[in-house]
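A.B. asks: Can you read through this structure? Questions will come right after.
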Amino acid sequence: MASFAVLLILAPAALAGPTAAVTLKAPYKKATVTLTNPSSTAGCGTFTRVQASSFNKTTGIGAFSDNATTSWCTSYTNNSALSEGKFEVALPIKVTTTGAHTITVLWDTVAVGSENLTAGTCSGSSGVLYSGCTQFAKTFVYGYAFLLDKTTHKHVASSAWPGNFAYSSSYTSCRYTNCTTSTSGKATGSFGGSFFWAWYWNGTVMNSTHKYVLQMFILGGASVEMLVSGATLSGGSANAQLNSATHGNDEQLYSISIT
């Protein structure tokens, strides 16, 4: 009798079977979109916002394009510029069963980025114990995402996406006039093409009575800097460009699957 009772308890779950997979594609009518375009300049640094950030809920396509450039100006100790496009897509999702679920969010990044650093000559001072120079150029596109349980106010981060970068740097450290310089990257760097990538939440326990939102952030842009601290810098320039907006370049939210 005890065994029969156990079978009766288990039978409804067994008959229900596994939860059917759900795949969402554009249009993402219930999404909330937030657009921002951070920027900053110092000294002789300048930026150009070629195209401000955007995201179209009907097509699932976002975009941004930015440039930044600077040359060394002796009137300033910091010559830098940053120009960035960023959009957040917050999309409500629902599960019909309580238990472990897997969410896969697939994006297609089509972007072209390039940067160039012509490092200036950094010299220390006989009257300053420690001094130095920092010079870099960077172009980038990347993102991050969270699953928000609005019922409990808890966030669960997705798997990481490292993004696409091109970066050159020159760092000089001086003790009086004795200086050493370390570099990274090539003087000129670039990336380009179509990159399919995904965020995952694997085996995440979700409750069918809770409200959930996928919070997805995509950003990209250009950054340059020529900075001195107690040292003297002679010459040098830096520039960077990121295009994920024109000539077929964009950021597309391809699909969201929930199992």
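All residue names refer to the structure tokens as shown: chains lettered A, B, ... in order, residues numbered from 1 in each chain, ligands numbered from 1 in order.
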Quick one: residues within 8 Å of A:Ala90, only C-alpha atoms, excluding same-chain residues fewer than 2 positions away - as a PyMOL selection string?
C.D. replies: chain A and resi 31-33+88+92+213-216
A.B. asks: Write the selection just made, keeping C-alpha atoms, as a PDB file, in the first residue's frame?
C.D. replies:
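out-v3.pdb, written as the output of this step:
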```pdb
ATOM      1  CA  ALA A  31      11.182  45.150 -23.849  1.00  0.00           C
ATOM      2  CA  THR A  32      12.182  48.379 -22.126  1.00  0.00           C
ATOM      3  CA  VAL A  33      15.137  50.130 -23.771  1.00  0.00           C
ATOM      4  CA  GLU A  88      20.132  48.325 -22.042  1.00  0.00           C
ATOM      5  CA  PRO A  92      10.277  40.291 -19.039  1.00  0.00           C
ATOM      6  CA  VAL A 213      13.433  40.256 -16.262  1.00  0.00           C
ATOM      7  CA  LEU A 214      16.485  39.748 -18.467  1.00  0.00           C
ATOM      8  CA  GLN A 215      18.700  42.837 -18.159  1.00  0.00           C
ATOM      9  CA  MET A 216      21.146  43.012 -21.072  1.00  0.00           C
TER      10      MET A 216
END
```
A.B. asks: Can you pull out every residue within 6 Å of A:Tyr212, counting only C-alpha atoms, but drop anything in the same chain fewer than 2 positions away, and send it as an MDAnalysis selection string?
C.D. replies: chainID A and resid 92:93 148:150
A.B. asks: I'd like the neighbourhood of stretch 64-77 of chain A as a ChimeraX atom specification, where a residue qualifies if any of its atoms comes within 9 Å (using only C-alpha atoms), though same-chain residues fewer than 6 positions away should be ignored.
C.D. replies: /A:37,42-54,83-86,120,137,139,219-230,232-246,250-251
A.B. asks: What does the file look like for those residues with C-alpha atoms, as a PDB file, in the first residue's frame?
C.D. replies:
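Writing done, so here's result01.pdb:
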```
ATOM      1  CA  ASN A  37      26.183  57.863 -24.538  1.00  0.00           C
ATOM      2  CA  ALA A  42      40.641  66.541 -21.109  1.00  0.00           C
ATOM      3  CA  GLY A  43      43.331  68.800 -22.528  1.00  0.00           C
ATOM      4  CA  CYS A  44      43.653  68.416 -26.284  1.00  0.00           C
ATOM      5  CA  GLY A  45      41.559  65.242 -26.451  1.00  0.00           C
ATOM      6  CA  THR A  46      38.484  65.282 -28.712  1.00  0.00           C
ATOM      7  CA  PHE A  47      35.752  62.843 -29.654  1.00  0.00           C
ATOM      8  CA  THR A  48      33.217  62.417 -32.440  1.00  0.00           C
ATOM      9  CA  ARG A  49      29.898  60.692 -31.865  1.00  0.00           C
ATOM     10  CA  VAL A  50      29.336  59.340 -35.353  1.00  0.00           C
ATOM     11  CA  GLN A  51      26.039  57.702 -34.349  1.00  0.00           C
ATOM     12  CA  ALA A  52      24.432  57.732 -30.919  1.00  0.00           C
ATOM     13  CA  SER A  53      23.294  54.452 -29.359  1.00  0.00           C
ATOM     14  CA  SER A  54      20.002  52.965 -30.547  1.00  0.00           C
ATOM     15  CA  SER A  83      33.248  58.322 -26.484  1.00  0.00           C
ATOM     16  CA  GLU A  84      30.924  55.392 -25.866  1.00  0.00           C
ATOM     17  CA  GLY A  85      27.518  54.136 -26.940  1.00  0.00           C
ATOM     18  CA  LYS A  86      25.472  51.933 -24.607  1.00  0.00           C
ATOM     19  CA  GLY A 120      55.880  60.146 -27.138  1.00  0.00           C
ATOM     20  CA  ALA A 137      44.552  53.888 -27.396  1.00  0.00           C
ATOM     21  CA  THR A 139      38.577  50.451 -29.229  1.00  0.00           C
ATOM     22  CA  LEU A 219      28.376  48.984 -25.091  1.00  0.00           C
ATOM     23  CA  GLY A 220      31.227  50.000 -27.339  1.00  0.00           C
ATOM     24  CA  GLY A 221      33.383  52.951 -28.230  1.00  0.00           C
ATOM     25  CA  ALA A 222      36.834  54.516 -28.343  1.00  0.00           C
ATOM     26  CA  SER A 223      39.213  55.779 -25.652  1.00  0.00           C
ATOM     27  CA  VAL A 224      42.619  57.496 -25.786  1.00  0.00           C
ATOM     28  CA  GLU A 225      44.892  58.945 -23.117  1.00  0.00           C
ATOM     29  CA  MET A 226      48.274  60.664 -22.780  1.00  0.00           C
ATOM     30  CA  LEU A 227      48.944  61.407 -19.106  1.00  0.00           C
ATOM     31  CA  VAL A 228      52.043  62.514 -17.190  1.00  0.00           C
ATOM     32  CA  SER A 229      52.778  62.640 -13.480  1.00  0.00           C
ATOM     33  CA  GLY A 230      55.891  64.632 -12.605  1.00  0.00           C
ATOM     34  CA  THR A 232      58.042  65.362 -19.258  1.00  0.00           C
ATOM     35  CA  LEU A 233      56.471  63.975 -22.406  1.00  0.00           C
ATOM     36  CA  SER A 234      57.633  64.956 -25.864  1.00  0.00           C
ATOM     37  CA  GLY A 235      55.470  64.315 -28.932  1.00  0.00           C
ATOM     38  CA  GLY A 236      53.014  61.464 -29.347  1.00  0.00           C
ATOM     39  CA  SER A 237      49.438  60.967 -30.491  1.00  0.00           C
ATOM     40  CA  ALA A 238      46.630  58.449 -30.182  1.00  0.00           C
ATOM     41  CA  ASN A 239      43.374  57.722 -31.980  1.00  0.00           C
ATOM     42  CA  ALA A 240      40.664  55.042 -31.914  1.00  0.00           C
ATOM     43  CA  GLN A 241      37.487  54.302 -33.863  1.00  0.00           C
ATOM     44  CA  LEU A 242      34.546  51.912 -33.378  1.00  0.00           C
ATOM     45  CA  ASN A 243      31.795  51.377 -35.947  1.00  0.00           C
ATOM     46  CA  SER A 244      28.868  49.135 -35.106  1.00  0.00           C
ATOM     47  CA  ALA A 245      26.227  51.223 -36.827  1.00  0.00           C
ATOM     48  CA  THR A 246      26.825  51.718 -40.562  1.00  0.00           C
ATOM     49  CA  ASP A 250      25.221  46.479 -35.864  1.00  0.00           C
ATOM     50  CA  GLU A 251      24.353  44.537 -32.699  1.00  0.00           C
TER      51      GLU A 251
END
```
A.B. asks: Compare A:Lys154, A:Ala231, A:Leu117, A:Ser131 by their minimum atom-to-atom distance to A:Ser184, counting only C-alpha atoms, and give me the closest one.
C.D. replies: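 Of A:Lys154, A:Ala231, A:Leu117, A:Ser131, the one nearest A:Ser184 is A:Leu117, counting only C-alpha atoms.
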A.B. asks: As an MDAnalysis selection string, list the residues of stretch 44-214 of chain A assigned to strand (DSSP E) by DSSP on the backbone atoms of this structure.
C.D. replies: chainID A and resid 46:56 61:71 78:93 99:118 121:123 130:149 154:157 161:175 178:184 188:206 212:214
A.B. asks: So, counting only C-alpha atoms, which residue among A:Thr23, A:Thr34, A:Ser40, A:Asn56 is closest to A:Ile258?
C.D. replies: A:Thr23
A.B. asks: For a quick check of understanding, using only C-alpha atoms, which of A:Ala119, A:Ile218, A:Ala166, A:Ile103 has the smallest distance to A:Lys138?
C.D. replies: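 Ranking A:Ala119, A:Ile218, A:Ala166, A:Ile103 by distance to A:Lys138, first place goes to A:Ala166.
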A.B. asks: Separation of atom CA of A:Thr97 and atom CA of A:Trp161, in Å?
C.D. replies: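 Computing the Euclidean distance for atom CA of A:Thr97 and atom CA of A:Trp161 yields 28.5 Å.
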